[in-house]
>>> print(open('model_5.pdb').read())   # PDB, C-alpha atoms, pLDDT in the B column
ATOM      1  CA  MET A 124       8.153  17.799  17.067  1.00 54.00           C
ATOM      2  CA  ARG A 125       7.510  21.498  16.673  1.00 69.00           C
ATOM      3  CA  SER A 126       4.382  22.459  14.756  1.00 79.00           C
ATOM      4  CA  ASP A 127       6.310  24.132  11.897  1.00 83.00           C
ATOM      5  CA  THR A 128       8.541  21.053  11.626  1.00 83.00           C
ATOM      6  CA  GLU A 129       5.493  18.782  11.438  1.00 88.00           C
ATOM      7  CA  ARG A 130       3.873  21.101   8.918  1.00 89.00           C
ATOM      8  CA  ASN A 131       6.975  21.163   6.686  1.00 90.00           C
ATOM      9  CA  ARG A 132       7.257  17.378   6.771  1.00 89.00           C
ATOM     10  CA  ARG A 133       3.560  16.990   5.934  1.00 89.00           C
ATOM     11  CA  HIS A 134       3.834  19.516   3.081  1.00 92.00           C
ATOM     12  CA  LEU A 135       6.850  17.700   1.643  1.00 91.00           C
ATOM     13  CA  VAL A 136       5.016  14.362   1.635  1.00 89.00           C
ATOM     14  CA  GLN A 137       1.901  15.934   0.072  1.00 90.00           C
ATOM     15  CA  ALA A 138       3.959  17.748  -2.572  1.00 90.00           C
ATOM     16  CA  ALA A 139       5.788  14.544  -3.480  1.00 87.00           C
ATOM     17  CA  ALA A 140       2.494  12.682  -3.841  1.00 85.00           C
ATOM     18  CA  ARG A 141       1.086  15.405  -6.135  1.00 85.00           C
ATOM     19  CA  LEU A 142       4.220  15.523  -8.258  1.00 85.00           C
ATOM     20  CA  PHE A 143       4.480  11.755  -8.647  1.00 82.00           C
ATOM     21  CA  GLU A 144       0.823  11.474  -9.478  1.00 78.00           C
ATOM     22  CA  ASN A 145       1.293  13.544 -12.617  1.00 72.00           C
ATOM     23  CA  SER A 146       4.973  13.189 -13.555  1.00 71.00           C
ATOM     24  CA  PRO A 147       6.114  10.623 -16.111  1.00 71.00           C
ATOM     25  CA  THR A 148       9.756  11.515 -15.336  1.00 76.00           C
ATOM     26  CA  PRO A 149      11.788  11.281 -12.113  1.00 79.00           C
ATOM     27  CA  VAL A 150      11.208  14.019  -9.563  1.00 85.00           C
ATOM     28  CA  SER A 151      14.013  15.543  -7.509  1.00 89.00           C
ATOM     29  CA  LEU A 152      14.019  16.511  -3.856  1.00 91.00           C
ATOM     30  CA  ALA A 153      14.583  20.125  -4.931  1.00 92.00           C
ATOM     31  CA  GLU A 154      11.382  20.029  -7.035  1.00 92.00           C
ATOM     32  CA  ILE A 155       9.448  18.564  -4.138  1.00 92.00           C
ATOM     33  CA  ALA A 156      10.799  21.275  -1.821  1.00 92.00           C
ATOM     34  CA  LYS A 157       9.783  23.976  -4.306  1.00 93.00           C
ATOM     35  CA  HIS A 158       6.229  22.617  -4.537  1.00 91.00           C
ATOM     36  CA  ALA A 159       6.057  22.299  -0.745  1.00 92.00           C
ATOM     37  CA  GLU A 160       7.201  25.917  -0.479  1.00 92.00           C
ATOM     38  CA  VAL A 161      10.182  25.075   1.695  1.00 93.00           C
ATOM     39  CA  SER A 162      13.897  25.335   1.023  1.00 91.00           C
ATOM     40  CA  THR A 163      15.846  22.392  -0.349  1.00 92.00           C
ATOM     41  CA  ALA A 164      17.905  22.453   2.857  1.00 93.00           C
ATOM     42  CA  THR A 165      14.702  22.069   4.882  1.00 91.00           C
ATOM     43  CA  ALA A 166      13.687  19.144   2.687  1.00 91.00           C
ATOM     44  CA  TYR A 167      17.028  17.444   3.332  1.00 91.00           C
ATOM     45  CA  ARG A 168      16.644  17.990   7.083  1.00 91.00           C
ATOM     46  CA  HIS A 169      13.481  15.877   6.934  1.00 92.00           C
ATOM     47  CA  PHE A 170      14.326  13.342   4.222  1.00 92.00           C
ATOM     48  CA  SER A 171      17.612  12.095   2.825  1.00 92.00           C
ATOM     49  CA  SER A 172      16.100  11.096  -0.518  1.00 89.00           C
ATOM     50  CA  VAL A 173      12.999  11.102  -2.677  1.00 87.00           C
ATOM     51  CA  GLU A 174      12.616   7.408  -1.863  1.00 86.00           C
ATOM     52  CA  GLU A 175      12.427   8.255   1.837  1.00 89.00           C
ATOM     53  CA  ILE A 176       9.583  10.712   1.153  1.00 90.00           C
ATOM     54  CA  LEU A 177       7.767   8.047  -0.849  1.00 86.00           C
ATOM     55  CA  HIS A 178       8.197   5.622   2.042  1.00 86.00           C
ATOM     56  CA  ALA A 179       6.586   8.199   4.347  1.00 89.00           C
ATOM     57  CA  PHE A 180       3.741   8.673   1.872  1.00 89.00           C
ATOM     58  CA  ARG A 181       3.122   4.933   1.516  1.00 87.00           C
ATOM     59  CA  ALA A 182       3.231   4.570   5.314  1.00 89.00           C
ATOM     60  CA  GLN A 183       0.460   7.196   5.558  1.00 91.00           C
ATOM     61  CA  VAL A 184      -1.659   5.327   3.016  1.00 92.00           C
ATOM     62  CA  GLY A 185      -0.937   2.060   4.837  1.00 93.00           C
ATOM     63  CA  SER A 186      -2.045   3.686   8.094  1.00 94.00           C
ATOM     64  CA  GLN A 187      -5.334   4.681   6.453  1.00 95.00           C
ATOM     65  CA  LEU A 188      -5.821   1.045   5.436  1.00 96.00           C
ATOM     66  CA  ARG A 189      -4.914  -0.169   8.938  1.00 97.00           C
ATOM     67  CA  ASP A 190      -7.383   2.266  10.528  1.00 97.00           C
ATOM     68  CA  PHE A 191     -10.115   1.183   8.109  1.00 97.00           C
ATOM     69  CA  SER A 192      -9.432  -2.480   8.875  1.00 97.00           C
ATOM     70  CA  ALA A 193      -9.588  -1.871  12.636  1.00 97.00           C
ATOM     71  CA  GLN A 194     -13.019  -0.226  12.267  1.00 97.00           C
ATOM     72  CA  GLN A 195     -14.571  -3.213  10.481  1.00 97.00           C
ATOM     73  CA  THR A 196     -17.205  -5.181  12.368  1.00 96.00           C
ATOM     74  CA  THR A 197     -17.267  -8.122   9.962  1.00 96.00           C
ATOM     75  CA  ARG A 198     -14.765 -10.958   9.990  1.00 95.00           C
ATOM     76  CA  GLY A 199     -13.209 -13.482   7.635  1.00 95.00           C
ATOM     77  CA  MET A 200     -13.701 -13.115   3.889  1.00 96.00           C
ATOM     78  CA  ALA A 201     -16.224 -10.283   4.329  1.00 97.00           C
ATOM     79  CA  ARG A 202     -13.655  -8.234   6.235  1.00 97.00           C
ATOM     80  CA  LEU A 203     -10.839  -9.195   3.867  1.00 97.00           C
ATOM     81  CA  GLU A 204     -12.959  -8.140   0.918  1.00 97.00           C
ATOM     82  CA  ALA A 205     -13.842  -4.806   2.542  1.00 98.00           C
ATOM     83  CA  VAL A 206     -10.202  -4.061   3.365  1.00 98.00           C
ATOM     84  CA  SER A 207      -9.034  -5.124  -0.106  1.00 98.00           C
ATOM     85  CA  ARG A 208     -11.702  -2.970  -1.776  1.00 98.00           C
ATOM     86  CA  HIS A 209     -10.641  -0.039   0.368  1.00 98.00           C
ATOM     87  CA  TRP A 210      -7.056  -0.581  -0.770  1.00 97.00           C
ATOM     88  CA  VAL A 211      -8.160  -0.459  -4.420  1.00 97.00           C
ATOM     89  CA  SER A 212      -9.953   2.826  -3.658  1.00 96.00           C
ATOM     90  CA  LEU A 213      -6.859   4.247  -1.926  1.00 94.00           C
ATOM     91  CA  VAL A 214      -4.663   3.279  -4.868  1.00 92.00           C
ATOM     92  CA  ILE A 215      -7.016   4.964  -7.325  1.00 92.00           C
ATOM     93  CA  GLU A 216      -7.399   8.018  -5.086  1.00 90.00           C
ATOM     94  CA  HIS A 217      -3.656   8.526  -4.716  1.00 86.00           C
ATOM     95  CA  GLY A 218      -2.808   7.800  -8.326  1.00 76.00           C
ATOM     96  CA  GLY A 219       0.676   7.657  -9.725  1.00 73.00           C
ATOM     97  CA  ALA A 220       2.340   8.219  -6.369  1.00 77.00           C
ATOM     98  CA  MET A 221       1.293   4.681  -5.459  1.00 77.00           C
ATOM     99  CA  VAL A 222       3.276   3.077  -8.278  1.00 74.00           C
ATOM    100  CA  GLN A 223       6.608   4.769  -7.664  1.00 64.00           C
ATOM    101  CA  MET A 224       7.923   2.265  -5.125  1.00 60.00           C
ATOM    102  CA  ARG A 225      10.250  -0.285  -6.660  1.00 62.00           C
ATOM    103  CA  SER A 226      12.781  -2.442  -4.896  1.00 67.00           C
ATOM    104  CA  HIS A 227      15.218  -5.084  -5.986  1.00 76.00           C
ATOM    105  CA  ARG A 228      14.382  -7.013  -2.829  1.00 82.00           C
ATOM    106  CA  GLY A 229      11.280  -9.152  -2.537  1.00 88.00           C
ATOM    107  CA  TYR A 230       8.204  -8.365  -0.490  1.00 87.00           C
ATOM    108  CA  LEU A 231       8.781 -10.963   2.235  1.00 89.00           C
ATOM    109  CA  GLU A 232      12.412  -9.956   2.650  1.00 90.00           C
ATOM    110  CA  ARG A 233      11.440  -6.296   3.073  1.00 87.00           C
ATOM    111  CA  LEU A 234       8.533  -7.190   5.366  1.00 87.00           C
ATOM    112  CA  ARG A 235      10.754  -9.303   7.631  1.00 88.00           C
ATOM    113  CA  GLU A 236      13.416  -6.587   7.713  1.00 88.00           C
ATOM    114  CA  GLY A 237      10.787  -4.190   8.997  1.00 83.00           C
ATOM    115  CA  THR A 238      10.570  -1.855   6.000  1.00 82.00           C
ATOM    116  CA  GLY A 239       8.525   0.922   7.569  1.00 81.00           C
ATOM    117  CA  TYR A 240       5.913   1.561   4.927  1.00 85.00           C
ATOM    118  CA  LEU A 241       4.959  -2.134   4.722  1.00 89.00           C
ATOM    119  CA  ALA A 242       4.169  -2.476   8.438  1.00 91.00           C
ATOM    120  CA  PRO A 243       0.808  -0.650   8.594  1.00 93.00           C
ATOM    121  CA  GLN A 244      -0.388  -2.423   5.453  1.00 93.00           C
ATOM    122  CA  ALA A 245       0.576  -5.811   6.915  1.00 94.00           C
ATOM    123  CA  GLU A 246      -1.151  -4.901  10.195  1.00 95.00           C
ATOM    124  CA  ALA A 247      -4.318  -4.042   8.249  1.00 96.00           C
ATOM    125  CA  LEU A 248      -4.331  -7.425   6.539  1.00 96.00           C
ATOM    126  CA  ASP A 249      -2.997  -9.794   9.184  1.00 95.00           C
ATOM    127  CA  GLU A 250      -6.241 -10.545  11.003  1.00 96.00           C
ATOM    128  CA  PRO A 251      -8.564 -10.528   7.949  1.00 97.00           C
ATOM    129  CA  LEU A 252      -6.229 -12.927   6.116  1.00 97.00           C
ATOM    130  CA  ARG A 253      -5.854 -15.208   9.145  1.00 96.00           C
ATOM    131  CA  GLN A 254      -9.618 -15.289   9.701  1.00 96.00           C
ATOM    132  CA  SER A 255     -10.270 -15.934   6.008  1.00 96.00           C
ATOM    133  CA  THR A 256      -7.834 -18.821   5.742  1.00 96.00           C
ATOM    134  CA  GLU A 257      -9.272 -20.349   8.922  1.00 95.00           C
ATOM    135  CA  ASP A 258     -12.844 -19.951   7.608  1.00 94.00           C
ATOM    136  CA  LEU A 259     -11.788 -21.628   4.353  1.00 94.00           C
ATOM    137  CA  GLY A 260     -10.317 -24.526   6.349  1.00 94.00           C
ATOM    138  CA  LEU A 261      -6.784 -23.709   5.236  1.00 95.00           C
ATOM    139  CA  GLY A 262      -5.188 -22.967   8.587  1.00 89.00           C
ATOM    140  CA  ASP A 263      -2.912 -19.989   9.138  1.00 89.00           C
ATOM    141  CA  LEU A 264      -0.731 -19.300   6.086  1.00 94.00           C
ATOM    142  CA  GLY A 265       1.115 -16.498   7.905  1.00 91.00           C
ATOM    143  CA  ASP A 266       3.353 -14.341   5.732  1.00 93.00           C
ATOM    144  CA  ASP A 267       2.532 -16.474   2.681  1.00 95.00           C
ATOM    145  CA  ALA A 268      -0.996 -15.039   2.721  1.00 96.00           C
ATOM    146  CA  LEU A 269       0.445 -11.502   2.849  1.00 95.00           C
ATOM    147  CA  PHE A 270       2.747 -12.401  -0.029  1.00 95.00           C
ATOM    148  CA  LEU A 271      -0.197 -13.517  -2.167  1.00 96.00           C
ATOM    149  CA  TRP A 272      -2.247 -10.437  -1.303  1.00 97.00           C
ATOM    150  CA  ASN A 273       0.682  -8.172  -2.166  1.00 93.00           C
ATOM    151  CA  ALA A 274       1.265  -9.938  -5.490  1.00 94.00           C
ATOM    152  CA  LEU A 275      -2.366  -9.511  -6.536  1.00 96.00           C
ATOM    153  CA  PHE A 276      -3.034  -6.027  -5.156  1.00 96.00           C
ATOM    154  CA  ASP A 277       0.042  -4.301  -6.587  1.00 92.00           C
ATOM    155  CA  PRO A 278      -0.909  -0.697  -7.459  1.00 91.00           C
ATOM    156  CA  ARG A 279       0.528  -1.016 -10.981  1.00 89.00           C
ATOM    157  CA  ASP A 280      -1.715  -3.977 -11.687  1.00 92.00           C
ATOM    158  CA  ILE A 281      -4.771  -2.247 -10.235  1.00 95.00           C
ATOM    159  CA  PHE A 282      -4.156   0.667 -12.606  1.00 92.00           C
ATOM    160  CA  ASP A 283      -3.609  -1.776 -15.458  1.00 94.00           C
ATOM    161  CA  LEU A 284      -7.073  -3.255 -14.868  1.00 96.00           C
ATOM    162  CA  ILE A 285      -8.637   0.216 -14.693  1.00 95.00           C
ATOM    163  CA  LYS A 286      -6.849   1.433 -17.837  1.00 94.00           C
ATOM    164  CA  ASN A 287      -8.062  -1.659 -19.674  1.00 96.00           C
ATOM    165  CA  GLY A 288     -11.726  -0.957 -19.053  1.00 97.00           C
ATOM    166  CA  ARG A 289     -12.512  -2.416 -15.642  1.00 97.00           C
ATOM    167  CA  THR A 290     -14.392  -0.308 -13.153  1.00 97.00           C
ATOM    168  CA  GLU A 291     -13.057   0.031  -9.623  1.00 97.00           C
ATOM    169  CA  ASP A 292     -15.736  -2.388  -8.419  1.00 97.00           C
ATOM    170  CA  GLU A 293     -14.960  -4.933 -11.149  1.00 98.00           C
ATOM    171  CA  ALA A 294     -11.230  -4.745 -10.484  1.00 97.00           C
ATOM    172  CA  ALA A 295     -11.729  -5.249  -6.741  1.00 98.00           C
ATOM    173  CA  THR A 296     -14.168  -8.131  -7.292  1.00 98.00           C
ATOM    174  CA  LEU A 297     -11.774  -9.916  -9.648  1.00 97.00           C
ATOM    175  CA  LEU A 298      -8.782  -9.410  -7.384  1.00 98.00           C
ATOM    176  CA  VAL A 299     -10.608 -10.667  -4.287  1.00 98.00           C
ATOM    177  CA  ALA A 300     -11.792 -13.748  -6.218  1.00 97.00           C
ATOM    178  CA  ALA A 301      -8.251 -14.355  -7.464  1.00 98.00           C
ATOM    179  CA  LEU A 302      -6.917 -13.994  -3.911  1.00 98.00           C
ATOM    180  CA  ARG A 303      -9.412 -16.537  -2.602  1.00 97.00           C
ATOM    181  CA  GLY A 304      -8.342 -18.980  -5.316  1.00 97.00           C
ATOM    182  CA  ALA A 305      -4.656 -18.285  -4.718  1.00 97.00           C
ATOM    183  CA  LEU A 306      -4.997 -18.886  -0.963  1.00 97.00           C
ATOM    184  CA  ILE A 307      -6.753 -22.201  -1.597  1.00 96.00           C
ATOM    185  CA  GLY A 308      -4.243 -23.251  -4.239  1.00 96.00           C
ATOM    186  CA  TRP A 309      -1.275 -22.285  -2.087  1.00 95.00           C
ATOM    187  CA  ALA A 310      -2.569 -24.150   0.958  1.00 93.00           C
ATOM    188  CA  THR A 311      -3.379 -27.232  -1.141  1.00 91.00           C
ATOM    189  CA  GLN A 312       0.157 -27.372  -2.520  1.00 89.00           C
ATOM    190  CA  GLU A 313       1.704 -26.819   0.921  1.00 73.00           C
ATOM    191  CA  SER A 314      -0.104 -29.847   2.414  1.00 62.00           C
TER     192      SER A 314
END
>>> encode(input="model_5.pdb", output="structure tokens")
Amino acid sequence: MRSDTERNRRHLVQAAARLFENSPTPVSLAEIAKHAEVSTATAYRHFSSVEEILHAFRAQVGSQLRDFSAQQTTRGMARLEAVSRHWVSLVIEHGGAMVQMRSHRGYLERLREGTGYLAPQAEALDEPLRQSTEDLGLGDLGDDALFLWNALFDPRDIFDLIKNGRTEDEAATLLVAALRGALIGWATQES
């Protein structure tokens, strides 16, 4: 990709994130283009819809989580907790842009179909979840463990905890504890 093409794409994703962070109303591709200082035609050359830009944004955030996970030297629950806490930090850092994704299809269906923005997040969590369930004597729960993590670490719910008086650390601690309990409960019922 040419450098100006890469730059325009990056600016569009950054502009969308900024706009969604602060906008209570829907944002158009034309507005995103204006804030990225590119033409609407250029925006449409890169993305066919606002949803596609949000997918690119969430993929970038997922890649940050994946990179963080790969750098961890701990394993099992300690690694899972570190990665989960980092996710809470990323959600808070990126604000409202993290809560814009909504789909009528479930998480596992989208994951199995290869929805692009879910892949780096799943890669970040695969090994820590597998190690944690093994350490807890639960065996490998596979995609079910990802499903539980996703249900508990939804950005909307993280913001809900923060808006209702929890600190980032408290929210992360509660969510990790709930995940541990959910993994145990799930595995117990599956046996």
>>> closest_atom_pairs(input="model_5.pdb", of="stretch 158-263 of chain A", to="stretch 137-151 of chain A", cutoff="7 Å", atoms="only C-alpha atoms", output="tab-separated table")
residue	atom	partner	partner_atom	distance
A:His158	CA	A:Ala138	CA	5.7
A:Ala159	CA	A:Ala138	CA	5.3
A:Val173	CA	A:Ser151	CA	6.6
A:Gly218	CA	A:Glu144	CA	5.3
A:Gly219	CA	A:Glu144	CA	3.8
A:Ala220	CA	A:Phe143	CA	4.7
>>> write_last_selection(input="model_5.pdb", atoms="C-alpha atoms", output="PDB file, in the coordinates of the input")
ATOM      1  CA  HIS A 158       6.229  22.617  -4.537  1.00 91.00           C
ATOM      2  CA  ALA A 159       6.057  22.299  -0.745  1.00 92.00           C
ATOM      3  CA  VAL A 173      12.999  11.102  -2.677  1.00 87.00           C
ATOM      4  CA  GLY A 218      -2.808   7.800  -8.326  1.00 76.00           C
ATOM      5  CA  GLY A 219       0.676   7.657  -9.725  1.00 73.00           C
ATOM      6  CA  ALA A 220       2.340   8.219  -6.369  1.00 77.00           C
TER       7      ALA A 220
END
>>> closest_residue(input="model_5.pdb", among="A:Glu257, A:Glu313, A:Glu291, A:Glu250", to="A:Gln195", atoms="all atoms listed in the file")
A:Glu250
>>> residues_around(input="model_5.pdb", residues="stretch 266-281 of chain A", least_positions_apart="5", cutoff="8 Å", atoms="all atoms listed in the file", output="list of chain:residue names")
A:Ser207, A:Val211, A:Val214, A:Met221, A:Val222, A:Tyr230, A:Leu231, A:Ala245, A:Leu248, A:Asp249, A:Leu252, A:Ala294, A:Leu298, A:Ala301, A:Leu302, A:Ala305, A:Leu306
>>> closest_residue(input="model_5.pdb", among="A:Gly185, A:Pro243, A:Gly260, A:Gly229", to="A:Ile307", atoms="all atoms listed in the file")
A:Gly260
>>> resolve_selection(input="model_5.pdb", expression="the PyMOL selection byres ((chain A and resi 130-135) around 9)", output="PyMOL selection string")
chain A and resi 125-129+136-140+155-156+158-161+165-166+169-170+176
>>> closest_residue(input="model_5.pdb", among="A:Asp283, A:Gln244, A:Leu297, A:Gln312", to="A:Ile215", atoms="all atoms listed in the file")
A:Asp283
>>> atom_distance(input="model_5.pdb", atom1="atom CA of A:Phe180", atom2="atom CA of A:Glu246")
16.7 Å
>>> atom_distance(input="model_5.pdb", atom1="atom CA of A:Leu152", atom2="atom CA of A:Gln183")
19.0 Å
>>> resolve_selection(input="model_5.pdb", expression="the PyMOL selection byres ((chain A and resi 200) around 10)", output="list in words")
Thr197, Arg198, Gly199, Ala201, Arg202, Leu203, Glu204, Ala205, Val206, Pro251, Leu252, Arg253, Gln254, Ser255, Thr256, Glu257, Asp258, Leu259, Val299 and Arg303 of chain A
>>> write_last_selection(input="model_5.pdb", atoms="C-alpha atoms", output="PDB file, in the frame of the given file")
ATOM      1  CA  THR A 197     -17.267  -8.122   9.962  1.00 96.00           C
ATOM      2  CA  ARG A 198     -14.765 -10.958   9.990  1.00 95.00           C
ATOM      3  CA  GLY A 199     -13.209 -13.482   7.635  1.00 95.00           C
ATOM      4  CA  ALA A 201     -16.224 -10.283   4.329  1.00 97.00           C
ATOM      5  CA  ARG A 202     -13.655  -8.234   6.235  1.00 97.00           C
ATOM      6  CA  LEU A 203     -10.839  -9.195   3.867  1.00 97.00           C
ATOM      7  CA  GLU A 204     -12.959  -8.140   0.918  1.00 97.00           C
ATOM      8  CA  ALA A 205     -13.842  -4.806   2.542  1.00 98.00           C
ATOM      9  CA  VAL A 206     -10.202  -4.061   3.365  1.00 98.00           C
ATOM     10  CA  PRO A 251      -8.564 -10.528   7.949  1.00 97.00           C
ATOM     11  CA  LEU A 252      -6.229 -12.927   6.116  1.00 97.00           C
ATOM     12  CA  ARG A 253      -5.854 -15.208   9.145  1.00 96.00           C
ATOM     13  CA  GLN A 254      -9.618 -15.289   9.701  1.00 96.00           C
ATOM     14  CA  SER A 255     -10.270 -15.934   6.008  1.00 96.00           C
ATOM     15  CA  THR A 256      -7.834 -18.821   5.742  1.00 96.00           C
ATOM     16  CA  GLU A 257      -9.272 -20.349   8.922  1.00 95.00           C
ATOM     17  CA  ASP A 258     -12.844 -19.951   7.608  1.00 94.00           C
ATOM     18  CA  LEU A 259     -11.788 -21.628   4.353  1.00 94.00           C
ATOM     19  CA  VAL A 299     -10.608 -10.667  -4.287  1.00 98.00           C
ATOM     20  CA  ARG A 303      -9.412 -16.537  -2.602  1.00 97.00           C
TER      21      ARG A 303
END
>>> atom_distance(input="model_5.pdb", atom1="atom CA of A:Leu188", atom2="atom CA of A:Leu213")
8.1 Å
